[in-house]
Amino acid sequence: MQTYRADLHIHTVLSPCGDLEMSPRNIVEQAKARNIDIIAITDHNSTLHGPVIRKLAEPLGITVIFGAEVTTREEAHCLCLFDTEAQRQKFQDYINLNLPNIPNDPKNFGYQVVVDENDEILEEIEPLLINALKVGISDIEQTVHMLGGLFIPAHIDRPRFSIISQLGFVPPDLKFDALEIFWKTNPSDILSQHSYLKNPTLIKNSDAHFIEQVGEIFTSYQMAEPTFNELTKALKGEDGRRVVGF
Amino acid sequence: MQVSDVVKALNLKVFSGKSGLNREVDGGYVSDLLSDVMGHSDTGNLWVTLQNHKNVMAIASLKELAAIILVKGIEPEADTLEQSNQEQIPILGTDMETFEVVGKIYQLINS
């Protein structure tokens, strides 16, 4: 077993709020420079930049997890993470089906572009990606788990777009794999304020929108190898795999 | 004024919690952020919202609200409805938008 560093919440230039410097190549290089072993690519309501980043990261020995930071109907941000290209495509279909067709206005929100490994623009995404999906948090959680993914409510203690700001508290029957807390937050504060949470797995990530933020905040995991399956076990605390800390 | 009086006056749909229709109404609160409702609503308020997640009922119960009004034709999720019956706090519905229904409730309560 070894300790691996993972930053599971990274935006790219595809997110309207993602800086133009957040290209696939720059993200991979920054993760490498920070000695991050696993990164998850989590644009707002889109998984489209996962494959190109995995392709670029593989030769450098960095594991790339596919994903998205979805906005639920209740406007709570949740990380949805996947291992395989087949899972990613199915989840992307689910997003496409449930994202309102309201066009982005780049002047107000920023550009939403898909690029290739050389930063060439392949496509501009029309619908505004920061909108809420038409489906609620329970439906999304069930879909993610049906596909074999991980469901992690994001920055739960932030005053905007978090499960606690939108729903008041973490629904007791919500099957989350971990809860992401804000990087400044002391975990014991969260646990004392929300004492109904029974020993949840807490993690921290960068939520990077700018290149210097990639890998700045990460969580360490004890695992046999840096894979999605091992990460799943670590979040559940199975077979000696565990979250070491942040 | 009771919840049933508001139902009649505004022709609201009663989804659930019928046994709570005799609850007394004391003002109202309008917000879709449940954290905000938890902090700022008062006992006996009518709560107008578009959120239909089950946590809505937990907060209505905690704050002892009179009833919940869902706007724009939104319906409660199945487990939200079930909890409304258990808690005896009605969930009501209207096709009106928030601005319109709140204006009418305000007039009704203050007339």
# chains A, B, ... in the order shown; residues from 1 in each chain; ligands from 1
$ interface_residues --of "chain B" --to "chain A" --cutoff "8 Å" --atoms "only C-alpha atoms" --output "tab-separated table (two decimals) with all heavy atoms, in the first residue's frame"
chain	number	residue	atom	x	y	z
B	32	ASP	N	-36.52	29.88	-1.63
B	32	ASP	CA	-36.24	28.55	-2.16
B	32	ASP	C	-34.93	27.99	-1.59
B	32	ASP	O	-34.50	26.92	-1.99
B	32	ASP	CB	-36.17	28.60	-3.69
B	32	ASP	CG	-37.48	29.08	-4.27
B	32	ASP	OD1	-38.54	28.64	-3.78
B	32	ASP	OD2	-37.46	29.91	-5.19
B	33	LEU	N	-34.32	28.75	-0.71
B	33	LEU	CA	-33.12	28.26	-0.03
B	33	LEU	C	-33.55	27.71	1.33
B	33	LEU	O	-33.96	28.48	2.20
B	33	LEU	CB	-32.11	29.38	0.18
B	33	LEU	CG	-31.45	29.94	-1.08
B	33	LEU	CD1	-30.49	31.07	-0.71
B	33	LEU	CD2	-30.70	28.85	-1.80
B	34	LEU	N	-33.46	26.42	1.50
B	34	LEU	CA	-33.99	25.82	2.71
B	34	LEU	C	-33.22	26.25	3.95
B	34	LEU	O	-33.77	26.34	5.05
B	34	LEU	CB	-34.02	24.29	2.57
B	34	LEU	CG	-35.28	23.77	1.86
B	34	LEU	CD1	-35.38	24.27	0.44
B	34	LEU	CD2	-35.33	22.26	1.88
B	35	SER	N	-31.93	26.53	3.75
B	35	SER	CA	-31.13	27.02	4.88
B	35	SER	C	-31.67	28.36	5.37
B	35	SER	O	-31.68	28.65	6.57
B	35	SER	CB	-29.66	27.15	4.46
B	35	SER	OG	-29.56	27.89	3.25
B	36	ASP	N	-32.13	29.16	4.45
B	36	ASP	CA	-32.70	30.48	4.78
B	36	ASP	C	-34.05	30.32	5.49
B	36	ASP	O	-34.32	30.99	6.49
B	36	ASP	CB	-32.86	31.28	3.48
B	36	ASP	CG	-33.58	32.59	3.68
B	36	ASP	OD1	-33.11	33.39	4.51
B	36	ASP	OD2	-34.60	32.82	3.02
B	38	MET	N	-35.03	27.79	7.20
B	38	MET	CA	-34.76	27.24	8.52
B	38	MET	C	-34.41	28.36	9.50
B	38	MET	O	-34.83	28.37	10.65
B	38	MET	CB	-33.62	26.23	8.44
B	38	MET	CG	-33.45	25.38	9.65
B	38	MET	SD	-32.84	23.74	9.26
B	38	MET	CE	-31.34	24.06	8.40
B	51	GLN	N	-39.28	24.40	-4.34
B	51	GLN	CA	-38.53	23.19	-3.97
B	51	GLN	C	-39.51	22.09	-3.56
B	51	GLN	O	-40.42	22.33	-2.76
B	51	GLN	CB	-37.58	23.48	-2.79
B	51	GLN	CG	-36.49	24.47	-3.12
B	51	GLN	CD	-35.27	23.86	-3.79
B	51	GLN	OE1	-35.31	22.76	-4.33
B	51	GLN	NE2	-34.17	24.59	-3.76
B	53	HIS	N	-38.25	18.77	-2.74
B	53	HIS	CA	-37.49	17.69	-2.11
B	53	HIS	C	-38.03	17.41	-0.70
B	53	HIS	O	-38.61	18.30	-0.07
B	53	HIS	CB	-36.01	18.09	-2.03
B	53	HIS	CG	-35.12	17.01	-1.51
B	53	HIS	ND1	-34.88	16.83	-0.18
B	53	HIS	CD2	-34.43	16.04	-2.16
B	53	HIS	CE1	-34.07	15.80	-0.02
B	53	HIS	NE2	-33.78	15.31	-1.20
B	55	ASN	N	-36.68	17.27	2.10
B	55	ASN	CA	-36.17	18.13	3.18
B	55	ASN	C	-37.11	19.30	3.47
B	55	ASN	O	-37.10	19.86	4.57
B	55	ASN	CB	-34.78	18.66	2.83
B	55	ASN	CG	-33.68	17.68	3.21
B	55	ASN	OD1	-33.96	16.50	3.39
B	55	ASN	ND2	-32.46	18.16	3.30
B	56	VAL	N	-37.91	19.68	2.48
B	56	VAL	CA	-38.90	20.74	2.67
B	56	VAL	C	-39.81	20.40	3.86
B	56	VAL	O	-40.10	21.26	4.71
B	56	VAL	CB	-39.75	20.89	1.38
B	56	VAL	CG1	-41.03	21.65	1.63
B	56	VAL	CG2	-38.93	21.58	0.29
B	59	ILE	N	-38.12	20.71	7.31
B	59	ILE	CA	-37.99	22.10	7.77
B	59	ILE	C	-39.35	22.66	8.19
B	59	ILE	O	-39.47	23.34	9.20
B	59	ILE	CB	-37.27	22.93	6.70
B	59	ILE	CG1	-35.78	22.58	6.79
B	59	ILE	CG2	-37.49	24.43	6.91
B	59	ILE	CD1	-34.95	22.93	5.64
$ residues_around --residues "Ala9 of chain B" --least-positions-apart "3" --cutoff "10 Å" --atoms "only C-alpha atoms" --output "list in words"
Ser4, Asp5, Val6, Leu12, Lys104, Ile105 and Leu108 of chain B
$ atom_distance --atom1 "atom CA of Lys175 of chain A" --atom2 "atom CA of Leu235 of chain A"
12.8 Å
$ residues_around --residues "Tyr94 of chain A" --least-positions-apart "4" --cutoff "10 Å" --atoms "only C-alpha atoms" --output "JSON, numbers by chain"
{"A": [88, 89, 90, 98, 99, 133, 135, 140, 143, 144]}
$ select_by_dssp --residues "chain A" --states "alpha helix (DSSP H)" --output "number ranges by chain"
A: 24-33, 50-57, 85-98, 106-109, 137-146, 163-167, 187-193, 228-236
$ residues_around --residues "Gln112 of chain A" --least-positions-apart "2" --cutoff "9 Å" --atoms "only C-alpha atoms" --output "PDB file with N, CA and C atoms, in the first residue's frame"
ATOM      1  N   VAL A  13     -11.320  24.873 -19.291  1.00  0.00           N
ATOM      2  CA  VAL A  13     -11.772  26.003 -20.108  1.00  0.00           C
ATOM      3  C   VAL A  13     -13.209  25.779 -20.605  1.00  0.00           C
ATOM      4  N   LEU A  14     -13.691  24.573 -20.553  1.00  0.00           N
ATOM      5  CA  LEU A  14     -15.070  24.280 -20.971  1.00  0.00           C
ATOM      6  C   LEU A  14     -16.112  24.899 -20.023  1.00  0.00           C
ATOM      7  N   SER A  15     -15.802  24.926 -18.739  1.00  0.00           N
ATOM      8  CA  SER A  15     -16.713  25.591 -17.803  1.00  0.00           C
ATOM      9  C   SER A  15     -16.694  27.085 -18.105  1.00  0.00           C
ATOM     10  N   PRO A  16     -17.853  27.728 -18.161  1.00  0.00           N
ATOM     11  CA  PRO A  16     -17.842  29.150 -18.516  1.00  0.00           C
ATOM     12  C   PRO A  16     -16.979  29.979 -17.565  1.00  0.00           C
ATOM     13  N   CYS A  17     -16.918  29.555 -16.307  1.00  0.00           N
ATOM     14  CA  CYS A  17     -16.140  30.267 -15.310  1.00  0.00           C
ATOM     15  C   CYS A  17     -14.690  29.786 -15.262  1.00  0.00           C
ATOM     16  N   GLY A  18     -14.359  28.757 -16.053  1.00  0.00           N
ATOM     17  CA  GLY A  18     -12.985  28.246 -16.079  1.00  0.00           C
ATOM     18  C   GLY A  18     -12.104  29.193 -16.887  1.00  0.00           C
ATOM     19  N   ASN A 104     -25.920  29.921 -23.849  1.00  0.00           N
ATOM     20  CA  ASN A 104     -24.930  30.671 -23.075  1.00  0.00           C
ATOM     21  C   ASN A 104     -24.756  32.064 -23.683  1.00  0.00           C
ATOM     22  N   PRO A 106     -21.720  34.356 -23.753  1.00  0.00           N
ATOM     23  CA  PRO A 106     -20.303  34.396 -23.333  1.00  0.00           C
ATOM     24  C   PRO A 106     -19.908  35.725 -22.691  1.00  0.00           C
ATOM     25  N   PHE A 109     -21.162  35.109 -19.011  1.00  0.00           N
ATOM     26  CA  PHE A 109     -20.772  33.900 -18.284  1.00  0.00           C
ATOM     27  C   PHE A 109     -19.393  33.356 -18.673  1.00  0.00           C
ATOM     28  N   GLY A 110     -18.887  33.737 -19.850  1.00  0.00           N
ATOM     29  CA  GLY A 110     -17.612  33.190 -20.316  1.00  0.00           C
ATOM     30  C   GLY A 110     -17.834  32.141 -21.399  1.00  0.00           C
ATOM     31  N   VAL A 114     -14.795  23.227 -26.227  1.00  0.00           N
ATOM     32  CA  VAL A 114     -14.107  21.941 -26.163  1.00  0.00           C
ATOM     33  C   VAL A 114     -12.879  22.063 -27.057  1.00  0.00           C
ATOM     34  N   GLU A 123     -15.169  22.692 -30.695  1.00  0.00           N
ATOM     35  CA  GLU A 123     -16.612  22.882 -30.611  1.00  0.00           C
ATOM     36  C   GLU A 123     -16.903  23.934 -29.542  1.00  0.00           C
ATOM     37  N   GLU A 124     -17.934  24.735 -29.778  1.00  0.00           N
ATOM     38  CA  GLU A 124     -18.422  25.630 -28.733  1.00  0.00           C
ATOM     39  C   GLU A 124     -19.762  25.078 -28.272  1.00  0.00           C
ATOM     40  N   ILE A 125     -19.931  24.904 -26.965  1.00  0.00           N
ATOM     41  CA  ILE A 125     -21.159  24.299 -26.445  1.00  0.00           C
ATOM     42  C   ILE A 125     -22.214  25.386 -26.269  1.00  0.00           C
ATOM     43  N   GLU A 126     -23.372  25.143 -26.845  1.00  0.00           N
ATOM     44  CA  GLU A 126     -24.424  26.164 -26.900  1.00  0.00           C
ATOM     45  C   GLU A 126     -25.178  26.350 -25.560  1.00  0.00           C
ATOM     46  N   LEU A 128     -26.219  26.871 -21.804  1.00  0.00           N
ATOM     47  CA  LEU A 128     -25.486  27.371 -20.642  1.00  0.00           C
ATOM     48  C   LEU A 128     -25.271  26.237 -19.638  1.00  0.00           C
ATOM     49  N   LEU A 129     -23.991  25.951 -19.365  1.00  0.00           N
ATOM     50  CA  LEU A 129     -23.677  24.762 -18.559  1.00  0.00           C
ATOM     51  C   LEU A 129     -23.881  24.972 -17.059  1.00  0.00           C
TER      52      LEU A 129
END
$ closest_residue --among "A:Met146, A:Val243, A:Ala57, A:Ile27" --to "Pro200 of chain A" --atoms "only C-alpha atoms"
A:Val243
$ residues_around --residues "Asp19 of chain A" --least-positions-apart "6" --cutoff "9 Å" --atoms "only C-alpha atoms" --output "list of chain:residue names"
A:His11, A:Thr12, A:Val13, A:Gly110, A:His209, A:Phe210, A:Ile211
$ write_last_selection --atoms "N, CA, C and O atoms" --output "PDB file, in the first residue's frame"
ATOM      1  N   HIS A  11     -11.997  22.171 -12.813  1.00  0.00           N
ATOM      2  CA  HIS A  11     -12.704  22.689 -13.996  1.00  0.00           C
ATOM      3  C   HIS A  11     -11.697  22.883 -15.133  1.00  0.00           C
ATOM      4  O   HIS A  11     -10.492  22.915 -14.907  1.00  0.00           O
ATOM      5  N   THR A  12     -12.216  23.029 -16.346  1.00  0.00           N
ATOM      6  CA  THR A  12     -11.362  23.321 -17.493  1.00  0.00           C
ATOM      7  C   THR A  12     -11.924  24.544 -18.190  1.00  0.00           C
ATOM      8  O   THR A  12     -12.929  25.113 -17.764  1.00  0.00           O
ATOM      9  N   VAL A  13     -11.320  24.873 -19.291  1.00  0.00           N
ATOM     10  CA  VAL A  13     -11.772  26.003 -20.108  1.00  0.00           C
ATOM     11  C   VAL A  13     -13.209  25.779 -20.605  1.00  0.00           C
ATOM     12  O   VAL A  13     -13.886  26.729 -20.998  1.00  0.00           O
ATOM     13  N   GLY A 110     -18.887  33.737 -19.850  1.00  0.00           N
ATOM     14  CA  GLY A 110     -17.612  33.190 -20.316  1.00  0.00           C
ATOM     15  C   GLY A 110     -17.834  32.141 -21.399  1.00  0.00           C
ATOM     16  O   GLY A 110     -18.950  31.662 -21.591  1.00  0.00           O
ATOM     17  N   HIS A 209     -10.386  26.697 -10.827  1.00  0.00           N
ATOM     18  CA  HIS A 209     -10.865  27.404 -12.011  1.00  0.00           C
ATOM     19  C   HIS A 209      -9.702  28.107 -12.712  1.00  0.00           C
ATOM     20  O   HIS A 209      -9.815  28.552 -13.836  1.00  0.00           O
ATOM     21  N   PHE A 210      -8.587  28.251 -11.998  1.00  0.00           N
ATOM     22  CA  PHE A 210      -7.396  28.901 -12.530  1.00  0.00           C
ATOM     23  C   PHE A 210      -6.227  27.925 -12.390  1.00  0.00           C
ATOM     24  O   PHE A 210      -6.196  27.111 -11.454  1.00  0.00           O
ATOM     25  N   ILE A 211      -5.271  28.039 -13.297  1.00  0.00           N
ATOM     26  CA  ILE A 211      -4.248  26.990 -13.433  1.00  0.00           C
ATOM     27  C   ILE A 211      -3.417  26.817 -12.156  1.00  0.00           C
ATOM     28  O   ILE A 211      -3.078  25.701 -11.778  1.00  0.00           O
TER      29      ILE A 211
END
$ atom_distance --atom1 "atom CA of Asp95 of chain B" --atom2 "atom CA of Glu75 of chain B"
10.3 Å
$ residues_around --residues "Asn110 of chain B" --least-positions-apart "6" --cutoff "12 Å" --atoms "only C-alpha atoms" --output "list in words"
Met1, Val25, Asp26, Gly27, Gly28, Gly103 and Lys104 of chain B
$ write_last_selection --atoms "C-alpha atoms" --output "PDB file, in the first residue's frame"
ATOM      1  CA  MET B   1     -57.517  32.392   9.379  1.00  0.00           C
ATOM      2  CA  VAL B  25     -52.080  30.829   9.464  1.00  0.00           C
ATOM      3  CA  ASP B  26     -49.849  33.538  10.894  1.00  0.00           C
ATOM      4  CA  GLY B  27     -48.148  35.298   7.985  1.00  0.00           C
ATOM      5  CA  GLY B  28     -45.913  33.769   5.373  1.00  0.00           C
ATOM      6  CA  GLY B 103     -49.619  39.033  -3.823  1.00  0.00           C
ATOM      7  CA  LYS B 104     -52.971  37.355  -3.408  1.00  0.00           C
TER       8      LYS B 104
END
$ atom_distance --atom1 "atom CA of Ala66 of chain B" --atom2 "atom CA of Val3 of chain B"
6.9 Å
$ residues_around --residues "Thr49 of chain B" --least-positions-apart "5" --cutoff "8 Å" --atoms "only C-alpha atoms" --output "PyMOL selection string"
chain B and resi 30-32+68-71+98
$ write_last_selection --atoms "C-alpha atoms" --output "short mmCIF file (atom, residue, chain, number, x, y, z; two decimals), in the first residue's frame"
data_model
loop_
_atom_site.label_atom_id
_atom_site.label_comp_id
_atom_site.auth_asym_id
_atom_site.auth_seq_id
_atom_site.Cartn_x
_atom_site.Cartn_y
_atom_site.Cartn_z
CA VAL B 30 -41.02 33.06 0.61
CA SER B 31 -37.68 31.47 -0.20
CA ASP B 32 -36.24 28.55 -2.16
CA ILE B 68 -46.37 24.68 2.03
CA ILE B 69 -47.51 26.10 -1.31
CA LEU B 70 -45.75 24.81 -4.42
CA VAL B 71 -45.90 27.22 -7.36
CA THR B 98 -44.65 33.04 -6.93
#
$ select_by_dssp --residues "chain B" --states "strand (DSSP E)" --output "ChimeraX atom specification"
/B:13-16,28-30,46-49,67-70,91-93
$ closest_residue --among "B:Val14, B:Trp47, B:Leu65, B:Thr94" --to "Leu81 of chain B" --atoms "only C-alpha atoms"
B:Val14
$ closest_residue --among "A:Glu180, A:Glu69, A:Glu212, A:Glu117" --to "Asn131 of chain A" --atoms "only C-alpha atoms"
A:Glu69
$ decode --residues "segment 182-214 of chain A" --atoms "N, CA and C atoms" --output "mmCIF file, in the first residue's frame"
data_model
loop_
_atom_site.group_PDB
_atom_site.id
_atom_site.type_symbol
_atom_site.label_atom_id
_atom_site.label_comp_id
_atom_site.auth_asym_id
_atom_site.auth_seq_id
_atom_site.Cartn_x
_atom_site.Cartn_y
_atom_site.Cartn_z
ATOM 1 N N PHE A 182 -15.144 22.613 2.113
ATOM 2 C CA PHE A 182 -14.344 23.752 1.644
ATOM 3 C C PHE A 182 -12.930 23.636 2.214
ATOM 4 N N TRP A 183 -11.945 24.115 1.455
ATOM 5 C CA TRP A 183 -10.552 23.870 1.831
ATOM 6 C C TRP A 183 -10.163 24.509 3.158
ATOM 7 N N LYS A 184 -10.873 25.591 3.541
ATOM 8 C CA LYS A 184 -10.523 26.261 4.797
ATOM 9 C C LYS A 184 -11.189 25.615 6.007
ATOM 10 N N THR A 185 -12.148 24.725 5.754
ATOM 11 C CA THR A 185 -13.004 24.237 6.837
ATOM 12 C C THR A 185 -12.298 23.204 7.708
ATOM 13 N N ASN A 186 -12.496 23.349 9.007
ATOM 14 C CA ASN A 186 -12.016 22.351 9.952
ATOM 15 C C ASN A 186 -13.068 21.245 10.052
ATOM 16 N N PRO A 187 -12.694 19.993 9.737
ATOM 17 C CA PRO A 187 -13.710 18.925 9.714
ATOM 18 C C PRO A 187 -14.475 18.787 11.024
ATOM 19 N N SER A 188 -13.820 19.045 12.137
ATOM 20 C CA SER A 188 -14.531 18.873 13.408
ATOM 21 C C SER A 188 -15.648 19.913 13.560
ATOM 22 N N ASP A 189 -15.489 21.077 12.918
ATOM 23 C CA ASP A 189 -16.558 22.082 12.959
ATOM 24 C C ASP A 189 -17.800 21.578 12.230
ATOM 25 N N ILE A 190 -17.576 20.995 11.049
ATOM 26 C CA ILE A 190 -18.697 20.437 10.262
ATOM 27 C C ILE A 190 -19.402 19.346 11.064
ATOM 28 N N LEU A 191 -18.617 18.484 11.672
ATOM 29 C CA LEU A 191 -19.211 17.332 12.369
ATOM 30 C C LEU A 191 -19.963 17.772 13.618
ATOM 31 N N SER A 192 -19.508 18.850 14.247
ATOM 32 C CA SER A 192 -20.254 19.295 15.427
ATOM 33 C C SER A 192 -21.504 20.085 15.033
ATOM 34 N N GLN A 193 -21.421 20.842 13.919
ATOM 35 C CA GLN A 193 -22.612 21.575 13.461
ATOM 36 C C GLN A 193 -23.671 20.639 12.878
ATOM 37 N N HIS A 194 -23.227 19.540 12.323
ATOM 38 C CA HIS A 194 -24.155 18.602 11.674
ATOM 39 C C HIS A 194 -23.983 17.223 12.316
ATOM 40 N N SER A 195 -24.384 17.158 13.584
ATOM 41 C CA SER A 195 -24.084 15.959 14.371
ATOM 42 C C SER A 195 -24.893 14.746 13.908
ATOM 43 N N TYR A 196 -25.907 14.973 13.045
ATOM 44 C CA TYR A 196 -26.658 13.838 12.505
ATOM 45 C C TYR A 196 -25.833 13.047 11.497
ATOM 46 N N LEU A 197 -24.741 13.635 11.008
ATOM 47 C CA LEU A 197 -23.887 12.916 10.057
ATOM 48 C C LEU A 197 -23.074 11.882 10.833
ATOM 49 N N LYS A 198 -23.285 10.626 10.505
ATOM 50 C CA LYS A 198 -22.622 9.566 11.261
ATOM 51 C C LYS A 198 -21.311 9.176 10.573
ATOM 52 N N ASN A 199 -20.225 9.752 11.061
ATOM 53 C CA ASN A 199 -18.906 9.379 10.579
ATOM 54 C C ASN A 199 -18.772 9.390 9.052
ATOM 55 N N PRO A 200 -19.117 10.501 8.413
ATOM 56 C CA PRO A 200 -19.029 10.551 6.949
ATOM 57 C C PRO A 200 -17.580 10.635 6.485
ATOM 58 N N THR A 201 -17.313 10.179 5.266
ATOM 59 C CA THR A 201 -15.999 10.377 4.662
ATOM 60 C C THR A 201 -15.925 11.798 4.135
ATOM 61 N N LEU A 202 -14.988 12.570 4.675
ATOM 62 C CA LEU A 202 -14.832 13.960 4.236
ATOM 63 C C LEU A 202 -13.570 14.083 3.389
ATOM 64 N N ILE A 203 -13.673 14.811 2.286
ATOM 65 C CA ILE A 203 -12.489 15.050 1.454
ATOM 66 C C ILE A 203 -12.417 16.532 1.084
ATOM 67 N N LYS A 204 -11.211 16.936 0.652
ATOM 68 C CA LYS A 204 -11.022 18.298 0.149
ATOM 69 C C LYS A 204 -10.396 18.235 -1.240
ATOM 70 N N ASN A 205 -10.803 19.142 -2.096
ATOM 71 C CA ASN A 205 -10.248 19.247 -3.438
ATOM 72 C C ASN A 205 -10.034 20.716 -3.764
ATOM 73 N N SER A 206 -9.386 20.968 -4.913
ATOM 74 C CA SER A 206 -9.046 22.361 -5.229
ATOM 75 C C SER A 206 -10.231 23.151 -5.769
ATOM 76 N N ASP A 207 -11.174 22.485 -6.464
ATOM 77 C CA ASP A 207 -12.228 23.219 -7.208
ATOM 78 C C ASP A 207 -11.561 24.262 -8.100
ATOM 79 N N ALA A 208 -10.491 23.850 -8.777
ATOM 80 C CA ALA A 208 -9.660 24.791 -9.533
ATOM 81 C C ALA A 208 -10.410 25.364 -10.723
ATOM 82 N N HIS A 209 -10.386 26.697 -10.827
ATOM 83 C CA HIS A 209 -10.865 27.404 -12.011
ATOM 84 C C HIS A 209 -9.702 28.107 -12.712
ATOM 85 N N PHE A 210 -8.587 28.251 -11.998
ATOM 86 C CA PHE A 210 -7.396 28.901 -12.530
ATOM 87 C C PHE A 210 -6.227 27.925 -12.390
ATOM 88 N N ILE A 211 -5.271 28.039 -13.297
ATOM 89 C CA ILE A 211 -4.248 26.990 -13.433
ATOM 90 C C ILE A 211 -3.417 26.817 -12.156
ATOM 91 N N GLU A 212 -3.142 27.931 -11.471
ATOM 92 C CA GLU A 212 -2.297 27.788 -10.279
ATOM 93 C C GLU A 212 -3.022 27.068 -9.133
ATOM 94 N N GLN A 213 -4.346 26.894 -9.285
ATOM 95 C CA GLN A 213 -5.105 26.207 -8.226
ATOM 96 C C GLN A 213 -5.100 24.677 -8.382
ATOM 97 N N VAL A 214 -4.726 24.189 -9.560
ATOM 98 C CA VAL A 214 -4.779 22.736 -9.800
ATOM 99 C C VAL A 214 -3.842 22.015 -8.833
#
